[in-house]
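S.K.: run_32.csv is the file, holding CSV, C-alpha atoms:
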chain,number,residue,atom,x,y,z
V,238,MET,CA,33.4,-47.1,-12.5
V,239,ALA,CA,31.7,-43.9,-11.4
V,240,PRO,CA,27.9,-43.8,-11.2
V,241,GLU,CA,26.3,-42.6,-14.4
V,242,ILE,CA,24.1,-39.6,-13.7
V,243,LEU,CA,22.2,-37.8,-16.5
V,244,LYS,CA,21.5,-34.1,-16.5
V,245,ALA,CA,18.8,-32.0,-18.1
V,246,GLU,CA,20.2,-28.9,-19.7
V,247,SER,CA,17.1,-26.9,-18.7
V,248,LEU,CA,17.8,-27.6,-15.1
V,249,GLU,CA,21.5,-26.6,-15.0
V,250,LEU,CA,21.0,-23.5,-12.9
V,251,PRO,CA,23.1,-21.8,-10.2
V,252,GLY,CA,22.2,-23.0,-6.8
V,253,LEU,CA,20.3,-26.1,-8.0
V,254,GLY,CA,21.5,-29.7,-8.1
V,255,HIS,CA,19.7,-32.5,-10.0
V,256,GLY,CA,20.3,-35.8,-11.7
V,257,PHE,CA,18.8,-39.0,-13.2
V,258,CYS,CA,20.9,-41.9,-11.9
V,259,GLY,CA,21.6,-45.0,-13.9
V,260,ARG,CA,22.3,-48.5,-12.7
V,261,ARG,CA,26.1,-48.7,-13.3
V,262,GLY,CA,28.9,-47.9,-10.9
V,263,GLY,CA,27.6,-49.4,-7.7
V,264,SER,CA,28.2,-52.3,-5.3
V,265,SER,CA,25.0,-54.3,-5.6
V,266,SER,CA,24.9,-57.7,-7.3
V,267,GLY,CA,22.5,-60.0,-9.0
V,268,ARG,CA,19.3,-58.5,-10.3
V,269,TYR,CA,20.2,-55.3,-8.3
V,270,GLU,CA,23.5,-54.8,-10.2
V,271,SER,CA,24.9,-52.4,-9.5
V,272,PHE,CA,23.8,-48.9,-8.4
V,273,ASN,CA,20.6,-49.7,-6.6
V,274,LEU,CA,19.7,-47.0,-4.1
V,275,SER,CA,16.4,-48.3,-2.8
V,276,ARG,CA,16.4,-49.9,0.7
V,277,TRP,CA,13.0,-51.5,0.1
V,278,VAL,CA,13.6,-54.0,-2.7
V,279,ASN,CA,15.3,-56.7,-0.7
V,280,ASP,CA,18.8,-55.8,-1.8
V,281,ASP,CA,21.8,-56.3,0.5
V,282,SER,CA,21.7,-53.4,3.0
V,283,ALA,CA,25.4,-53.0,3.1
V,284,ALA,CA,25.6,-52.7,-0.6
V,285,VAL,CA,22.9,-50.1,-0.6
V,286,GLU,CA,24.8,-48.1,2.0
V,287,LEU,CA,27.9,-48.2,-0.2
V,288,ASN,CA,25.9,-47.0,-3.1
V,289,TRP,CA,24.6,-44.0,-1.1
V,290,ASN,CA,28.1,-43.2,0.0
V,291,ALA,CA,29.2,-43.2,-3.7
V,292,LEU,CA,26.3,-40.8,-4.5
V,293,ALA,CA,27.0,-38.5,-1.6
V,294,SER,CA,29.5,-36.3,-3.4
V,295,ARG,CA,27.2,-36.0,-6.5
V,296,LEU,CA,24.3,-34.6,-4.5
V,297,PRO,CA,23.8,-30.9,-3.9
V,298,PRO,CA,25.0,-29.9,-0.4
V,299,HIS,CA,22.0,-30.7,1.7
V,300,ARG,CA,20.5,-31.2,5.2
V,301,LYS,CA,17.8,-33.6,4.2
V,302,VAL,CA,17.0,-36.1,1.4
V,303,VAL,CA,13.2,-36.6,1.2
V,304,LEU,CA,12.1,-40.0,-0.1
V,305,LEU,CA,8.5,-41.2,-0.6
V,306,ASN,CA,6.5,-44.3,-0.1
V,307,GLN,CA,5.4,-44.4,-3.7
V,308,VAL,CA,2.0,-45.9,-4.5
V,309,HIS,CA,1.2,-45.0,-8.1
V,310,GLY,CA,-1.1,-42.2,-7.1
V,311,THR,CA,-1.2,-38.4,-7.6
V,312,ILE,CA,-0.6,-37.0,-4.1
V,313,VAL,CA,2.1,-34.3,-4.2
V,314,HIS,CA,3.5,-33.1,-0.8
V,315,ARG,CA,5.1,-29.8,0.1
V,316,VAL,CA,8.1,-30.4,2.3
V,317,GLY,CA,10.7,-28.2,3.9
V,318,ARG,CA,13.7,-28.3,6.2
V,319,GLY,CA,11.5,-29.1,9.1
V,320,HIS,CA,10.3,-32.4,7.7
V,321,ASP,CA,11.0,-35.1,10.2
V,322,GLY,CA,12.5,-37.6,7.8
V,323,THR,CA,9.6,-40.1,7.6
V,324,ARG,CA,8.7,-41.4,4.2
V,325,LEU,CA,5.5,-39.7,3.2
V,326,THR,CA,3.0,-41.7,1.2
V,327,GLY,CA,2.6,-40.2,-2.2
V,328,ASP,CA,4.2,-39.8,-5.6
V,329,GLY,CA,5.5,-36.3,-5.6
V,330,ALA,CA,7.0,-33.5,-3.5
V,331,VAL,CA,7.8,-29.8,-3.9
V,332,THR,CA,10.0,-27.5,-1.9
V,333,ILE,CA,11.1,-23.9,-1.7
V,334,ASP,CA,13.8,-24.5,0.9
V,335,GLU,CA,17.6,-24.8,0.5
V,336,GLY,CA,19.1,-28.0,1.8
V,337,VAL,CA,16.2,-30.2,0.9
V,338,VAL,CA,16.8,-32.8,-1.8
V,339,LEU,CA,13.7,-34.5,-3.3
V,340,GLY,CA,14.2,-38.1,-4.5
V,341,ILE,CA,12.1,-40.3,-6.7
V,342,PHE,CA,12.7,-44.0,-7.5
V,343,THR,CA,11.8,-45.6,-10.8
V,344,ALA,CA,12.4,-48.7,-13.0
V,345,ASP,CA,10.3,-48.0,-16.2
V,346,CYS,CA,8.0,-45.4,-14.8
V,347,VAL,CA,8.7,-41.7,-15.6
V,348,PRO,CA,10.7,-39.7,-13.2
V,349,VAL,CA,9.9,-36.0,-13.5
V,350,LEU,CA,12.0,-33.1,-12.2
V,351,MET,CA,10.7,-29.6,-12.2
V,352,ILE,CA,11.8,-26.1,-11.3
V,353,ASP,CA,10.5,-22.5,-11.4
V,354,PRO,CA,13.8,-20.7,-11.6
V,355,ILE,CA,12.3,-17.3,-10.9
V,356,VAL,CA,10.7,-18.0,-7.5
V,357,ARG,CA,12.9,-21.0,-6.8
V,358,VAL,CA,10.4,-23.8,-6.4
V,359,ALA,CA,11.6,-27.4,-7.1
V,360,GLY,CA,9.6,-30.5,-7.6
V,361,ALA,CA,9.9,-34.3,-8.3
V,362,VAL,CA,7.2,-36.8,-9.2
V,363,HIS,CA,6.9,-40.4,-10.1
V,364,ALA,CA,4.5,-41.2,-12.9
V,365,GLY,CA,3.6,-44.7,-14.1
V,366,TRP,CA,0.5,-45.4,-16.2
V,367,ARG,CA,-1.8,-45.2,-13.2
V,368,GLY,CA,-0.6,-41.9,-12.1
V,369,THR,CA,-0.5,-40.5,-15.6
V,370,LEU,CA,-4.1,-41.7,-16.3
V,371,ASP,CA,-5.2,-40.2,-13.0
V,372,GLY,CA,-3.7,-36.8,-13.8
V,373,MET,CA,-0.3,-36.7,-12.1
V,374,ALA,CA,0.9,-33.9,-14.4
V,375,ARG,CA,-1.9,-31.6,-13.3
V,376,SER,CA,-1.3,-32.5,-9.7
V,377,ALA,CA,2.4,-31.8,-10.1
V,378,ILE,CA,1.8,-28.4,-11.5
V,379,ASP,CA,-0.9,-27.6,-8.9
V,380,GLY,CA,1.6,-28.5,-6.2
V,381,MET,CA,4.2,-26.2,-7.8
V,382,ILE,CA,1.6,-23.4,-8.1
V,383,ALA,CA,0.6,-23.8,-4.4
V,384,ALA,CA,4.3,-23.3,-3.5
V,385,GLY,CA,4.4,-20.1,-5.5
V,386,ALA,CA,5.4,-21.2,-9.0
V,387,ALA,CA,3.9,-19.9,-12.2
V,388,PRO,CA,3.1,-22.5,-14.9
V,389,GLU,CA,4.6,-20.4,-17.7
V,390,GLN,CA,7.9,-20.2,-15.7
V,391,ILE,CA,8.1,-23.9,-14.9
V,392,LYS,CA,10.7,-26.1,-16.6
V,393,VAL,CA,9.9,-29.9,-16.7
V,394,ALA,CA,12.4,-32.7,-17.4
V,395,MET,CA,11.3,-36.2,-17.8
V,396,GLY,CA,14.0,-38.8,-17.2
V,397,PRO,CA,14.8,-42.3,-18.5
V,398,SER,CA,11.7,-44.5,-18.7
V,399,ILE,CA,10.2,-47.2,-20.8
V,400,GLY,CA,9.6,-45.9,-24.3
V,401,PRO,CA,6.8,-46.4,-26.9
V,402,CYS,CA,9.1,-48.9,-28.6
V,403,CYS,CA,8.7,-51.3,-25.7
V,404,TYR,CA,5.7,-50.3,-23.6
V,405,GLU,CA,3.1,-52.7,-24.6
V,406,VAL,CA,-0.2,-52.6,-22.7
V,407,ASP,CA,-3.7,-54.1,-23.1
V,408,GLU,CA,-5.8,-52.5,-25.8
V,409,GLU,CA,-8.4,-51.6,-23.2
V,410,LEU,CA,-5.9,-49.5,-21.3
V,411,GLY,CA,-5.1,-47.6,-24.5
V,412,TRP,CA,-8.7,-46.8,-25.0
V,413,ARG,CA,-8.9,-45.5,-21.4
V,414,PHE,CA,-6.2,-43.1,-22.2
V,415,LEU,CA,-7.9,-42.0,-25.4
V,416,ARG,CA,-11.2,-41.5,-23.6
V,417,ALA,CA,-9.7,-39.5,-20.8
V,418,TYR,CA,-7.2,-37.5,-22.9
V,419,PRO,CA,-8.3,-37.3,-26.6
V,420,ASP,CA,-5.2,-35.2,-27.4
V,421,SER,CA,-3.1,-38.2,-26.4
V,422,ALA,CA,-3.9,-40.0,-29.7
V,423,PRO,CA,-0.4,-39.4,-31.2
V,424,PHE,CA,1.1,-41.3,-28.2
V,425,VAL,CA,-1.3,-44.3,-28.2
V,426,ARG,CA,-0.8,-46.6,-31.2
V,427,THR,CA,-2.0,-50.0,-32.2
V,428,GLY,CA,0.4,-52.9,-31.4
V,429,ALA,CA,-0.1,-56.7,-31.7
V,430,PRO,CA,-3.6,-58.0,-31.7
V,431,GLY,CA,-5.3,-56.9,-28.5
V,432,LYS,CA,-2.4,-54.7,-27.5
V,433,THR,CA,-1.4,-51.0,-27.6
V,434,MET,CA,2.0,-49.3,-27.6
V,435,LEU,CA,2.0,-46.4,-25.1
V,436,ASP,CA,4.3,-43.4,-25.0
V,437,LEU,CA,4.1,-42.3,-21.4
V,438,ARG,CA,6.5,-39.4,-21.8
V,439,GLY,CA,4.5,-38.2,-24.8
V,440,VAL,CA,1.2,-38.3,-22.9
V,441,LEU,CA,2.8,-36.6,-19.9
V,442,GLY,CA,4.3,-33.9,-22.0
V,443,ASP,CA,1.0,-33.1,-23.6
V,444,GLN,CA,-0.6,-33.0,-20.1
V,445,PHE,CA,2.0,-30.5,-18.9
V,446,LEU,CA,1.2,-28.4,-22.0
V,447,GLN,CA,-2.5,-28.5,-21.0
V,448,ALA,CA,-1.5,-27.4,-17.5
V,449,GLY,CA,0.2,-24.2,-18.8
V,450,VAL,CA,3.8,-25.2,-19.1
V,451,ARG,CA,5.5,-23.8,-22.3
V,452,ALA,CA,6.4,-26.4,-25.0
V,453,GLU,CA,10.0,-25.2,-25.1
V,454,SER,CA,10.2,-25.8,-21.3
V,455,ILE,CA,9.4,-29.5,-21.5
V,456,SER,CA,12.2,-32.0,-22.3
V,457,ALA,CA,12.9,-35.7,-22.2
V,458,VAL,CA,16.3,-37.0,-21.0
V,459,GLY,CA,17.7,-40.4,-21.6
V,460,PRO,CA,16.7,-43.6,-23.5
V,461,CYS,CA,14.1,-46.2,-23.1
V,462,THR,CA,15.0,-48.1,-19.9
V,463,LYS,CA,14.1,-51.5,-21.4
V,464,CYS,CA,16.2,-50.9,-24.5
V,465,ALA,CA,19.1,-49.7,-22.3
V,466,PHE,CA,18.7,-52.3,-19.6
V,467,ASP,CA,22.4,-52.5,-19.3
V,468,ARG,CA,22.4,-48.8,-18.2
V,469,PHE,CA,19.1,-48.5,-16.4
V,470,PHE,CA,16.9,-50.7,-14.2
V,471,SER,CA,13.8,-51.9,-16.0
V,472,ARG,CA,11.1,-54.2,-14.6
V,473,ARG,CA,10.1,-55.1,-18.1
V,474,GLY,CA,13.8,-55.7,-19.0
V,475,ALA,CA,14.1,-58.0,-15.9
V,476,GLY,CA,11.2,-60.1,-17.1
V,477,GLY,CA,8.8,-58.8,-14.5
V,478,VAL,CA,10.8,-59.8,-11.5
V,479,GLN,CA,11.8,-57.4,-8.7
V,480,CYS,CA,15.0,-55.5,-9.6
V,481,GLY,CA,16.9,-52.5,-8.4
V,482,LEU,CA,15.6,-48.9,-8.7
V,483,GLN,CA,17.3,-45.8,-9.9
V,484,LEU,CA,17.0,-42.5,-8.1
V,485,SER,CA,16.2,-39.1,-9.6
V,486,PHE,CA,16.9,-36.1,-7.4
V,487,ILE,CA,16.6,-32.3,-7.3
V,488,GLY,CA,17.2,-29.7,-4.7
V,489,PHE,CA,18.5,-26.3,-3.9
V,490,THR,CA,22.1,-26.0,-2.7
V,491,ASP,CA,22.4,-25.5,1.1
V,492,SER,CA,24.5,-22.4,1.1
V,493,SER,CA,24.9,-22.3,4.9
V,494,SER,CA,27.5,-25.2,4.9
V,495,ASP,CA,29.8,-27.0,2.6
V,496,ASP,CA,30.0,-30.3,4.6
V,497,LEU,CA,26.4,-31.5,4.6
V,498,ARG,CA,26.5,-34.1,1.8
V,499,ARG,CA,25.1,-37.2,3.4
V,500,GLY,CA,22.5,-39.9,2.8
V,501,PRO,CA,18.8,-39.8,3.7
V,502,GLN,CA,18.1,-38.7,7.3
Rewrite the coordinates I just gave you, this time as structure tokens.

M.R.:
Amino acid sequence: MAPEILKAESLELPGLGHGFCGRRGGSSSGRYESFNLSRWVNDDSAAVELNWNALASRLPPHRKVVLLNQVHGTIVHRVGRGHDGTRLTGDGAVTIDEGVVLGIFTADCVPVLMIDPIVRVAGAVHAGWRGTLDGMARSAIDGMIAAGAAPEQIKVAMGPSIGPCCYEVDEELGWRFLRAYPDSAPFVRTGAPGKTMLDLRGVLGDQFLQAGVRAESISAVGPCTKCAFDRFFSRRGAGGVQCGLQLSFIGFTDSSSDDLRRGPQ
């Protein structure tokens, strides 16, 4: 079975590659079954290498895949072809360079891919509840602007993540969102006693609107990861134990060569 990779229609642009990977079509087993691409979740390293090899032909031609040491924060790095390959600590990256593919890992949190197609700035960020509450959407747009993008030109695609049907959090956390972002009220609803059901993609979408992105340029791709646990890794779906992670990626095609599809450097 070939790996399942979802696309966002708004990001289907000449010279740009992107995708939201699912969990099917790989070589890992057990709770990592089967297309786990993370080397840092205690999966068998040989299986992970086979998974990267299976992904290679689906990536845009590149010289470098930039991965992050994600910490549920709001730091967004600017990276280019000169990056030395170390994993930067942070939860987002932007680039203007051809041949640089930005990668984000998730398993319930929201993977966000962005592009300004006019000035050719690409970005990728990871947003869980902590990052969303702390303003990751604003940080992501600020990072894009610093690289030359204009908010009204940016297209944002939010990938598969846990949905409001399944994302139950403590009531106190719901109140924190409402206090910090009063406009988020439609995305924070009462659940079981003492609990709140949270729509992370809804909150993020509203935050991107507040940051200047046009409503028609914001989209959500794919289902709730817990509901579709057979297709996507989900920490909630796995009962809270460590599981595999799916990769979301974006990058400009390296037009200088057609034989540069390879794994992280």

S.K.: When you look at Asp436 (chain V) with a cut-off of 9 Å (counting all atoms listed in the file), what residues show up, excluding the ones that are within fewer than 4 positions of it in the same chain? I need them as a list of chain:residue names.

M.R.: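 Residues meeting the cut-off are V:Ile399, V:Gly400, V:Pro401, V:Cys402, V:Tyr404, V:Pro423, V:Phe424, V:Val425, V:Arg426, V:Val440, V:Leu441.
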
S.K.: Let me make sure I understand: among V:Ile242, V:Leu415, V:Ala361, V:Ala448, which one has the smallest atom-to-atom distance to Pro388 (chain V) if we use all atoms listed in the file?

M.R.: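 The shortest atom-to-atom distance to Pro388 (chain V) comes from V:Ala448.
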
S.K.: Just to confirm, what's the straight-line distance from CA of Gly340 (chain V) to CA of Arg260 (chain V) in Å (one decimal)?

M.R.: 15.5 Å

S.K.: Scan for residues within 6 Å of the point (9.9, -23.3, -3.8) in the coordinates of the file, using only C-alpha atoms, and reply as a compact mmCIF listing (two decimals) with C-alpha atoms, in the coordinates of the input.

M.R.:
# COMPACT_ATOMS: atom_id res chain seq x y z
CA THR V 332 10.00 -27.50 -1.90
CA ILE V 333 11.10 -23.90 -1.70
CA ARG V 357 12.90 -21.00 -6.80
CA VAL V 358 10.40 -23.80 -6.40
CA ALA V 359 11.60 -27.40 -7.10
CA ALA V 384 4.30 -23.30 -3.50

S.K.: Select from region 242-332 of chain V every residue with an atom at most 12 Å from any atom of region 378-381 of chain V, then for each give the shortest pair of atoms and their distance in Å to one decimal, using all atoms listed in the file, rows by chain and rising number, as a Markdown table.

M.R.:
| residue | atom | partner | partner_atom | distance |
| --- | --- | --- | --- | --- |
| V:Thr311 | CA | V:Gly380 | CA | 10.4 |
| V:Ile312 | CA | V:Gly380 | CA | 9.0 |
| V:Val313 | CA | V:Gly380 | CA | 6.2 |
| V:His314 | CA | V:Gly380 | CA | 7.3 |
| V:Arg315 | CA | V:Gly380 | CA | 7.3 |
| V:Val316 | CA | V:Gly380 | CA | 10.9 |
| V:Asp328 | CA | V:Gly380 | CA | 11.6 |
| V:Gly329 | CA | V:Gly380 | CA | 8.7 |
| V:Ala330 | CA | V:Gly380 | CA | 7.8 |
| V:Val331 | CA | V:Met381 | CA | 6.4 |
| V:Thr332 | CA | V:Met381 | CA | 8.4 |

S.K.: Taking 4 positions as the minimum chain separation for residues in the same chain, which residues sit within 9 Å of Pro460 (chain V) when counting all atoms listed in the file? Answer as a list in words.

M.R.: Gly396, Pro397, Ser398, Ile399, Gly400, Cys464, Ala465 and Phe469 of chain V

S.K.: Counting only C-alpha atoms, which residues in region 426-468 of chain V sit no more than 12 Å from region 478-491 of chain V? For each one, give the nearest pair of atoms and the distance in Å, sorted by chain then residue number, as JSON lines.

M.R.:
{"residue": "V:Val458", "atom": "CA", "partner": "V:Ser485", "partner_atom": "CA", "distance": 11.6}
{"residue": "V:Thr462", "atom": "CA", "partner": "V:Gln483", "partner_atom": "CA", "distance": 10.5}
{"residue": "V:Phe466", "atom": "CA", "partner": "V:Cys480", "partner_atom": "CA", "distance": 11.1}
{"residue": "V:Arg468", "atom": "CA", "partner": "V:Gln483", "partner_atom": "CA", "distance": 10.2}

S.K.: V:Ser454, V:Thr369, V:Ala394, V:Arg268: which is nearest Lys244 (chain V), counting all atoms listed in the file?

M.R.: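 Result for the nearest residue to Lys244 (chain V): V:Ala394.
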
S.K.: Counting only C-alpha atoms, write as a compact mmCIF listing (two decimals) with C-alpha atoms, keeping the file's coordinate frame all protein and nucleic acid residues lying at most 12 Å from (24.6, -52.5, 0.6) in the file's frame.

M.R.:
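Saved the output as point19.txt:
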# COMPACT_ATOMS: atom_id res chain seq x y z
CA GLY V 263 27.60 -49.40 -7.70
CA SER V 264 28.20 -52.30 -5.30
CA SER V 265 25.00 -54.30 -5.60
CA SER V 266 24.90 -57.70 -7.30
CA TYR V 269 20.20 -55.30 -8.30
CA GLU V 270 23.50 -54.80 -10.20
CA SER V 271 24.90 -52.40 -9.50
CA PHE V 272 23.80 -48.90 -8.40
CA ASN V 273 20.60 -49.70 -6.60
CA LEU V 274 19.70 -47.00 -4.10
CA SER V 275 16.40 -48.30 -2.80
CA ARG V 276 16.40 -49.90 0.70
CA TRP V 277 13.00 -51.50 0.10
CA VAL V 278 13.60 -54.00 -2.70
CA ASN V 279 15.30 -56.70 -0.70
CA ASP V 280 18.80 -55.80 -1.80
CA ASP V 281 21.80 -56.30 0.50
CA SER V 282 21.70 -53.40 3.00
CA ALA V 283 25.40 -53.00 3.10
CA ALA V 284 25.60 -52.70 -0.60
CA VAL V 285 22.90 -50.10 -0.60
CA GLU V 286 24.80 -48.10 2.00
CA LEU V 287 27.90 -48.20 -0.20
CA ASN V 288 25.90 -47.00 -3.10
CA TRP V 289 24.60 -44.00 -1.10
CA ASN V 290 28.10 -43.20 0.00
CA ALA V 291 29.20 -43.20 -3.70
CA GLY V 481 16.90 -52.50 -8.40

S.K.: So which one's closest to Phe342 (chain V), V:Arg416, V:Leu446, V:Cys461, V:Val362? Using only C-alpha atoms, please.

M.R.: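 Selected residue with least distance to Phe342 (chain V): V:Val362.
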
S.K.: How many Å lie between CA of Gln390 (chain V) and CA of Trp366 (chain V), rounded to one decimal?

M.R.: 26.3 Å

S.K.: Report, in Å with one decimal, the straight-line distance from CA of Val338 (chain V) to CA of Ser456 (chain V).

M.R.: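 Pair CA of Val338 (chain V) / CA of Ser456 (chain V) returns 21.0 Å.
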
S.K.: Given all atoms listed in the file as the basis, pick out the residue of V:Ile352, V:Ile341, V:Val393, V:Val308 nearest to Cys258 (chain V).

M.R.: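 Closest residue, counting all atoms listed in the file: V:Ile341.
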
S.K.: Excluding Thr427 (chain V) and residues on its chain fewer than 5 positions from it, collect all residues at most 12 Å away from it, counting only C-alpha atoms, and give them as a ChimeraX atom specification.

M.R.: /V:401-402,404-412,422,432-436

S.K.: Taking N, CA and C atoms as the atom set, what does region 264-287 of chain V look like once completed, written as a PDB file, in the frame of the given file?

M.R.:
ATOM      1  N   SER V 264      27.651 -51.100  -5.987  1.00  0.00           N
ATOM      2  CA  SER V 264      28.200 -52.300  -5.300  1.00  0.00           C
ATOM      3  C   SER V 264      27.181 -53.419  -5.168  1.00  0.00           C
ATOM      4  N   SER V 265      25.962 -53.244  -5.642  1.00  0.00           N
ATOM      5  CA  SER V 265      25.000 -54.300  -5.600  1.00  0.00           C
ATOM      6  C   SER V 265      25.235 -55.372  -6.619  1.00  0.00           C
ATOM      7  N   SER V 266      24.648 -56.551  -6.424  1.00  0.00           N
ATOM      8  CA  SER V 266      24.900 -57.700  -7.300  1.00  0.00           C
ATOM      9  C   SER V 266      23.580 -58.338  -7.709  1.00  0.00           C
ATOM     10  N   GLY V 267      23.688 -59.311  -8.619  1.00  0.00           N
ATOM     11  CA  GLY V 267      22.500 -60.000  -9.000  1.00  0.00           C
ATOM     12  C   GLY V 267      21.557 -59.136  -9.807  1.00  0.00           C
ATOM     13  N   ARG V 268      20.276 -59.286  -9.555  1.00  0.00           N
ATOM     14  CA  ARG V 268      19.300 -58.500 -10.300  1.00  0.00           C
ATOM     15  C   ARG V 268      19.316 -57.008  -9.828  1.00  0.00           C
ATOM     16  N   TYR V 269      20.088 -56.692  -8.788  1.00  0.00           N
ATOM     17  CA  TYR V 269      20.200 -55.300  -8.300  1.00  0.00           C
ATOM     18  C   TYR V 269      21.483 -54.639  -8.847  1.00  0.00           C
ATOM     19  N   GLU V 270      22.205 -55.348  -9.693  1.00  0.00           N
ATOM     20  CA  GLU V 270      23.500 -54.800 -10.200  1.00  0.00           C
ATOM     21  C   GLU V 270      23.263 -53.546 -10.975  1.00  0.00           C
ATOM     22  N   SER V 271      24.009 -52.432 -10.636  1.00  0.00           N
ATOM     23  CA  SER V 271      24.900 -52.400  -9.500  1.00  0.00           C
ATOM     24  C   SER V 271      24.633 -51.214  -8.582  1.00  0.00           C
ATOM     25  N   PHE V 272      23.988 -50.177  -9.134  1.00  0.00           N
ATOM     26  CA  PHE V 272      23.800 -48.900  -8.400  1.00  0.00           C
ATOM     27  C   PHE V 272      22.397 -48.762  -7.901  1.00  0.00           C
ATOM     28  N   ASN V 273      21.893 -49.785  -7.225  1.00  0.00           N
ATOM     29  CA  ASN V 273      20.600 -49.700  -6.600  1.00  0.00           C
ATOM     30  C   ASN V 273      20.629 -48.843  -5.362  1.00  0.00           C
ATOM     31  N   LEU V 274      19.719 -47.874  -5.246  1.00  0.00           N
ATOM     32  CA  LEU V 274      19.700 -47.000  -4.100  1.00  0.00           C
ATOM     33  C   LEU V 274      18.475 -47.140  -3.213  1.00  0.00           C
ATOM     34  N   SER V 275      17.621 -48.103  -3.559  1.00  0.00           N
ATOM     35  CA  SER V 275      16.400 -48.300  -2.800  1.00  0.00           C
ATOM     36  C   SER V 275      16.704 -49.355  -1.656  1.00  0.00           C
ATOM     37  N   ARG V 276      16.258 -49.036  -0.457  1.00  0.00           N
ATOM     38  CA  ARG V 276      16.400 -49.900   0.700  1.00  0.00           C
ATOM     39  C   ARG V 276      15.215 -50.903   0.794  1.00  0.00           C
ATOM     40  N   TRP V 277      14.242 -50.810  -0.103  1.00  0.00           N
ATOM     41  CA  TRP V 277      13.000 -51.500   0.100  1.00  0.00           C
ATOM     42  C   TRP V 277      12.712 -52.537  -1.027  1.00  0.00           C
ATOM     43  N   VAL V 278      13.769 -53.028  -1.684  1.00  0.00           N
ATOM     44  CA  VAL V 278      13.600 -54.000  -2.700  1.00  0.00           C
ATOM     45  C   VAL V 278      14.329 -55.320  -2.438  1.00  0.00           C
ATOM     46  N   ASN V 279      14.679 -55.514  -1.159  1.00  0.00           N
ATOM     47  CA  ASN V 279      15.300 -56.700  -0.700  1.00  0.00           C
ATOM     48  C   ASN V 279      16.793 -56.878  -1.142  1.00  0.00           C
ATOM     49  N   ASP V 280      17.411 -55.772  -1.520  1.00  0.00           N
ATOM     50  CA  ASP V 280      18.800 -55.800  -1.800  1.00  0.00           C
ATOM     51  C   ASP V 280      19.625 -55.852  -0.518  1.00  0.00           C
ATOM     52  N   ASP V 281      20.889 -56.253  -0.617  1.00  0.00           N
ATOM     53  CA  ASP V 281      21.800 -56.300   0.500  1.00  0.00           C
ATOM     54  C   ASP V 281      21.946 -54.894   1.108  1.00  0.00           C
ATOM     55  N   SER V 282      21.641 -54.705   2.387  1.00  0.00           N
ATOM     56  CA  SER V 282      21.700 -53.400   3.000  1.00  0.00           C
ATOM     57  C   SER V 282      23.038 -52.743   2.973  1.00  0.00           C
ATOM     58  N   ALA V 283      24.080 -53.553   3.158  1.00  0.00           N
ATOM     59  CA  ALA V 283      25.400 -53.000   3.100  1.00  0.00           C
ATOM     60  C   ALA V 283      25.794 -52.480   1.764  1.00  0.00           C
ATOM     61  N   ALA V 284      25.356 -53.187   0.726  1.00  0.00           N
ATOM     62  CA  ALA V 284      25.600 -52.700  -0.600  1.00  0.00           C
ATOM     63  C   ALA V 284      24.892 -51.422  -0.921  1.00  0.00           C
ATOM     64  N   VAL V 285      23.662 -51.308  -0.430  1.00  0.00           N
ATOM     65  CA  VAL V 285      22.900 -50.100  -0.600  1.00  0.00           C
ATOM     66  C   VAL V 285      23.578 -48.902   0.050  1.00  0.00           C
ATOM     67  N   GLU V 286      24.097 -49.134   1.258  1.00  0.00           N
ATOM     68  CA  GLU V 286      24.800 -48.100   2.000  1.00  0.00           C
ATOM     69  C   GLU V 286      26.044 -47.619   1.187  1.00  0.00           C
ATOM     70  N   LEU V 287      26.767 -48.575   0.622  1.00  0.00           N
ATOM     71  CA  LEU V 287      27.900 -48.200  -0.200  1.00  0.00           C
ATOM     72  C   LEU V 287      27.502 -47.413  -1.410  1.00  0.00           C
TER      73      LEU V 287
END
